[in-house]
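S.K.: Pasting in a structure now, in structure tokens, and then I'll have a few things to ask.
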Amino acid sequence: MSGMTYAQIEQTVLHTLRPAPLKYWAVVALTFLGLLIGAGCWAYQIAVGIGVGGQNIPVVWGTYLINFVFWVGIAHSGTLISAILYLFRAGWRNPIARAAETMTVFAVCIAGLFPFIHLGRVWMVYYILPYPNERTLWPNFQSPLVFDVVAISTYLTVSSLFWYTGMLPDLAIVRDRATGLRKRIFQMISLGWTGRHEQWRHYTRAYLFFAALATPLVISVHSVVSWDFALGIVPGWHSTIFAPYFVAGAIHSGLAMVLTLIIPLRRIFHYEAFITENILDNIAKTIIFTGLIVGYAYLVEYFLAWYSHNIVEQESFRWRAFGHYSLQFWVMVICNTVVPLLFFFRKVRRSIPWLFAISVLINIGMWYERFVIIIGGVAHDFMPNAWGLYSPSIIEYGILLGSFSMFFFLFLLFVKHLPSVSMTELKEGIHQGGDHGR
Amino acid sequence: MAVEKCVISLFDDETRAASAIEALRGSPWKLERVHSPIPSDKILNALKLKKSRVGYFTLAGGIIGFFSGVGLAIYTGIQWNLIVSGKPVVAWIPFLIVGFEFTILFAVFGNVLGLLFQTNLPEFQSLRIYDQRCSGEHFGVLASCAEGEENKLMAFFQEKGGEARLI
């Protein structure tokens, strides 16, 4: 990025907001179709009943919960990049922070839909709200499921506000270069930002607090998600390592998704000057680190099962590796812990096709990790007479397709209508005097 | 009351803008405001501003949030008043988790409110006396003077390396 001027940065980013070609709208239409299929499947489930899914005793938490945990996990690296790396003053985060934050917001929105979908009678959702009612029923704040409601709602609110606040100066730039209706819209959404010294003085401070608050929040959210399982007594779930294990896994999958998103973004929008090979290299190195933590967690689970002398636990983990879902287990192990080791080779870290392919494989592996944990635990617990298998129904596959389509649909709309790279932070990056969080 | 005139000067470099701000301090003219495309340390130091008080709003929000979260959990527990999973009706450890999440949520609300309150956003009036190049690559310094002084003020800015114009 060295040698670039402010004007060049603006020109490159604002160029992405020009009217889109037909093929862009074709891809948007395709993702919208996928979204409609998902919505249609959900509508069918509402009309017919939750039984149209494959969940049944003993596996009553199927793909809906897998998708919930998967999308919450995807959301995590957005905050890692935008908040944690910001606090560490890692300048390489600047060109990818906006895309990662956006990914976070959309992923949490989608994750938040799955408890509603899984609820079956979604119109009864108000039962979870704590309000005085004639039934004298209250949510049980001792339950990790209620922690989840609080944590995910907080995370969605905080990440959305962080995303929007961080975008204010850029929205003002778009306003100042736009005309007509677009100018009026951006004038409203930029709240009249003019980069006045008083505005910067308070903004930089507020941004720092945002980052400082988002950091412990992101750790807590996936810890809370892990307690949905760890606080149950199901073998394979009831483990003290679940919180750090889930947090590491979440960041692992999120970083992979960042690569999956920014590699095409970089190519299509000619962001090569901003999103350099060094940045991709740094993400790949971080993936090695998170992959090693995840691999360590897999090993520790087996060690604990062996060391505990608990035969139920031991059987559960034996079955995980060699039982009915062994294929999913080995896909998980290979994609999440073995494949990322290829990033030890500099040539792989510098190769765009390799980076993209590995990021996709990690995403697949992380989805299967949730499958193995959630399904494997309850399918094969204490009582052999209660063992049972699960396979998703066509409706669940439709909703899975809908969730991915919705994610890419929203992301595609974002990249053509809002600045997908933070111009202000890039300008600061080439300007030694600037500091986004004094 | 004397009529005031405003002059805005655009600098393509923050060092020159900071130098003009310093020089304005010893002049008969009044510095109104400075616009910059990035948060510039040099400019903020030249302005000798106090630390932002947004943090107090954040802190207040966090404290309110903690007590709201724990209070809500205790209140609902007492209303229900049944032992669940062998835990006491008022179970502190789970309730602290609720308190923690509410702390972060309300601290962020406080942070945003503090930011909006301190910066007077949303505010669209100042767009009328604003140069759009200030969001691009220019640093704008706006100063006011008594009527008849504007040429002197413009000359002052030009001497400092700025491109001055009367608003």
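Scheme for the structure tokens: letters A, B, ... for chains in order shown; per-chain residue numbers from 1; ligand numbers from 1 in order shown.
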Go through chain B residue by residue and, counting only C-alpha atoms, keep those with an atom at most 6 Å from chain A; for each kept residue give the shortest atom pair and its distance in Å to one decimal, ordered by chain and increasing number, as a tab-separated table.
M.R.:
residue	atom	partner	partner_atom	distance
B:Val34	CA	A:His197	CA	5.4
B:His35	CA	A:Arg196	CA	4.4
B:Ser36	CA	A:Gly195	CA	5.3
B:Pro39	CA	A:Trp200	CA	5.6
B:Ser40	CA	A:Gly434	CA	4.7
B:Asp41	CA	A:Gly433	CA	5.7
B:Ser52	CA	A:His202	CA	5.4
B:Ala73	CA	A:Phe141	CA	5.7
B:Thr76	CA	A:Trp138	CA	6.0
B:Pro94	CA	A:Gln142	CA	5.3
B:Glu101	CA	A:Ala151	CA	5.9
B:Leu105	CA	A:Thr154	CA	5.6
B:Thr119	CA	A:Gln199	CA	5.2
B:Pro122	CA	A:Leu191	CA	4.4
B:Glu123	CA	A:Gly192	CA	5.2
B:Phe124	CA	A:Gly192	CA	4.7
B:Gln132	CA	A:Asp176	CA	5.5
B:Ser135	CA	A:Ile173	CA	5.5
B:Glu137	CA	A:Tyr6	CA	5.7
S.K.: List every residue of region 7-167 of chain B that DSSP, applied to the backbone, labels as strand (DSSP E or B), and write the result as a CSV table (one decimal) with C-alpha atoms, in the first residue's frame.
M.R.:
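This went into selection-v6.csv:
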chain,number,residue,atom,x,y,z
B,7,VAL,CA,-12.7,32.1,6.3
B,8,ILE,CA,-11.9,28.4,5.6
B,9,SER,CA,-8.4,27.4,4.6
B,10,LEU,CA,-7.6,24.1,3.1
B,11,PHE,CA,-4.2,22.5,3.7
B,30,LYS,CA,-10.9,33.1,16.4
B,31,LEU,CA,-10.4,29.5,15.5
B,32,GLU,CA,-13.9,28.0,14.9
B,33,ARG,CA,-13.1,24.5,14.0
B,34,VAL,CA,-10.9,22.1,12.1
B,35,HIS,CA,-12.0,19.4,9.7
B,40,SER,CA,-4.7,13.6,13.3
B,84,VAL,CA,-34.2,-25.7,39.7
B,87,LYS,CA,-29.4,-24.6,42.5
B,139,PHE,CA,-7.3,19.5,6.3
B,140,GLY,CA,-9.7,22.5,6.7
B,141,VAL,CA,-9.2,25.2,9.3
B,142,LEU,CA,-12.2,27.5,9.8
B,143,ALA,CA,-11.6,30.9,11.6
B,144,SER,CA,-13.7,33.9,12.1
B,145,CYS,CA,-12.8,37.6,12.1
B,146,ALA,CA,-14.6,41.0,12.4
B,163,GLU,CA,-5.9,27.8,0.1
B,164,ALA,CA,-8.2,30.3,1.8
B,165,ARG,CA,-11.7,31.4,0.8
B,166,LEU,CA,-14.5,33.4,2.4
S.K.: Excluding Ala46 (chain B) and residues on its chain fewer than 6 positions from it, collect all residues at most 10 Å away from it, counting only C-alpha atoms, and give them as a list in words.
M.R.: Thr15, Ala17, Ala18, Ser19, Ala20, Ile21, Glu22, Ala23, Arg25 and Ser40 of chain B
S.K.: Among region 12-259 of chain A, which ones does DSSP assign to helix (DSSP H, G or I) (computed from the backbone)? Answer as a ChimeraX atom specification.
M.R.: /A:12-15,22-48,50-52,63-87,91-119,122-128,144-177,180-189,197-230,242-259
S.K.: Provide the CA of Leu412 (chain A) to CA of Ile288 (chain A) distance in Å, to one decimal place.
M.R.: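 CA of Ile288 (chain A) lies at a distance of 28.4 Å from CA of Leu412 (chain A).
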S.K.: Using only C-alpha atoms, determine which residues lie at most 9 Å from Ser359 (chain A), disregarding the query and same-chain residues fewer than 4 positions distant; provide the list as a short mmCIF file (atom, residue, chain, number, x, y, z; two decimals) with C-alpha atoms, in the first residue's frame.
M.R.:
data_model
loop_
_atom_site.label_atom_id
_atom_site.label_comp_id
_atom_site.auth_asym_id
_atom_site.auth_seq_id
_atom_site.Cartn_x
_atom_site.Cartn_y
_atom_site.Cartn_z
CA SER A 253 -13.68 -21.13 11.20
CA LEU A 255 -10.66 -16.75 9.80
CA ALA A 256 -11.25 -19.35 7.12
CA MET A 257 -14.50 -17.62 6.15
CA VAL A 258 -12.66 -14.27 6.02
CA LEU A 259 -10.29 -15.82 3.47
CA THR A 260 -13.21 -17.32 1.55
CA PRO A 340 -4.11 -26.07 7.89
CA TRP A 354 -4.34 -22.90 -2.15
CA LEU A 355 -5.49 -20.28 0.33
CA ASN A 363 -15.27 -24.33 6.76
CA ILE A 364 -16.48 -27.78 5.81
#
S.K.: If you measure from CA of Gly38 (chain A) to CA of Ser403 (chain A), what distance in Å do you get, rounded to one decimal?
M.R.: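 Between CA of Gly38 (chain A) and CA of Ser403 (chain A) the gap is 6.9 Å.
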S.K.: Of the residues A:Trp163, A:Phe329, A:Tyr245, A:Tyr298, which is the one nearest to Thr79 (chain A), using only C-alpha atoms?
M.R.: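 Going through A:Trp163, A:Phe329, A:Tyr245, A:Tyr298 one by one, the smallest distance to Thr79 (chain A) is for A:Trp163.
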S.K.: Have a look at A:Glu369, A:Asp281, A:Val105, A:His324 and name the one nearest to Val348 (chain A); count only C-alpha atoms.
M.R.: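 Closest to Val348 (chain A), using only C-alpha atoms: A:Asp281.
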S.K.: Would you please work out which residue, of A:Trp71, A:Tyr86, A:Phe414, A:Trp227, is nearest to Gly112 (chain A) when using only C-alpha atoms?
M.R.: A:Trp71
S.K.: Would you pick out the contacts of Tyr390 (chain A) at 7 Å or less, using only C-alpha atoms, so that residues sharing its chain but fewer than 2 positions from it are not included, and give the list as a ChimeraX atom specification?
M.R.: /A:54-55,59,388,392
S.K.: If you keep N, CA and C atoms, can you produce a file of those selected residues as a PDB file, in the first residue's frame?
M.R.:
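Here's the written file part.pdb:
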ATOM      1  N   GLY A  54     -35.403 -33.985  10.541  1.00  0.00           N
ATOM      2  CA  GLY A  54     -34.976 -35.341  10.896  1.00  0.00           C
ATOM      3  C   GLY A  54     -34.770 -35.559  12.384  1.00  0.00           C
ATOM      4  N   GLN A  55     -34.939 -34.510  13.188  1.00  0.00           N
ATOM      5  CA  GLN A  55     -34.673 -34.647  14.627  1.00  0.00           C
ATOM      6  C   GLN A  55     -35.738 -35.513  15.265  1.00  0.00           C
ATOM      7  N   VAL A  59     -31.869 -37.942  19.129  1.00  0.00           N
ATOM      8  CA  VAL A  59     -31.151 -36.774  18.584  1.00  0.00           C
ATOM      9  C   VAL A  59     -32.165 -35.670  18.301  1.00  0.00           C
ATOM     10  N   GLY A 388     -29.474 -44.082  19.073  1.00  0.00           N
ATOM     11  CA  GLY A 388     -30.233 -43.903  17.835  1.00  0.00           C
ATOM     12  C   GLY A 388     -29.438 -43.048  16.863  1.00  0.00           C
ATOM     13  N   PRO A 392     -30.210 -35.670   8.418  1.00  0.00           N
ATOM     14  CA  PRO A 392     -31.047 -34.505   8.133  1.00  0.00           C
ATOM     15  C   PRO A 392     -32.072 -34.812   7.040  1.00  0.00           C
TER      16      PRO A 392
END
S.K.: Kindly indicate which residue among B:Val70, B:Ile43, B:Ala60, B:Val3 lies nearest to Leu96 (chain B), using only C-alpha atoms for the distances.
M.R.: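 That would be B:Val70, the residue with the smallest distance to Leu96 (chain B).
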S.K.: Which polymer residues have any atom within 12 Å of an atom of Trp306 (chain A), counting only C-alpha atoms, with same-chain residues fewer than 5 positions away left out, as a PyMOL selection string?
M.R.: chain A and resi 299-301+311-318
S.K.: Using only C-alpha atoms, please write the residues we just selected to a file, as an mmCIF file, in the first residue's frame.
M.R.:
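Written out: part.cif:
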data_model
loop_
_atom_site.group_PDB
_atom_site.id
_atom_site.type_symbol
_atom_site.label_atom_id
_atom_site.label_comp_id
_atom_site.auth_asym_id
_atom_site.auth_seq_id
_atom_site.Cartn_x
_atom_site.Cartn_y
_atom_site.Cartn_z
ATOM 1 C CA LEU A 299 -6.475 -34.795 21.632
ATOM 2 C CA VAL A 300 -7.280 -33.576 25.149
ATOM 3 C CA GLU A 301 -10.859 -34.823 24.793
ATOM 4 C CA ILE A 311 -16.542 -46.362 30.372
ATOM 5 C CA VAL A 312 -19.429 -44.344 28.984
ATOM 6 C CA GLU A 313 -17.105 -41.506 28.072
ATOM 7 C CA GLN A 314 -14.585 -43.928 26.581
ATOM 8 C CA GLU A 315 -17.246 -45.666 24.511
ATOM 9 C CA SER A 316 -18.584 -42.339 23.323
ATOM 10 C CA PHE A 317 -15.183 -41.303 22.003
ATOM 11 C CA ARG A 318 -14.422 -44.731 20.532
#
S.K.: Would you work out the distance separating CA of Ile117 (chain A) from CA of Ala75 (chain A), expressed in Å to one decimal?
M.R.: 19.1 Å
S.K.: For region 234-239 of chain A, list every protein, DNA or RNA residue within 6 Å, evaluated using only C-alpha atoms, and leave out those in the same chain fewer than 2 positions away; present the list as a VMD selection string.
M.R.: chain A and resid 229 to 230 232 241 to 242 313 377 381
S.K.: Could you dump the residues just selected with C-alpha atoms as a PDB file, in the first residue's frame?
M.R.:
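Contents of the output file part.pdb:
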ATOM      1  CA  PHE A 229     -23.478 -28.514  25.817  1.00  0.00           C
ATOM      2  CA  ALA A 230     -20.934 -28.586  28.628  1.00  0.00           C
ATOM      3  CA  GLY A 232     -25.425 -31.074  30.221  1.00  0.00           C
ATOM      4  CA  ILE A 241     -12.397 -27.588  28.122  1.00  0.00           C
ATOM      5  CA  PHE A 242     -15.420 -26.714  26.021  1.00  0.00           C
ATOM      6  CA  GLU A 313     -17.105 -41.506  28.072  1.00  0.00           C
ATOM      7  CA  GLY A 377     -23.105 -36.922  21.901  1.00  0.00           C
ATOM      8  CA  ASP A 381     -25.020 -41.745  25.335  1.00  0.00           C
TER       9      ASP A 381
END
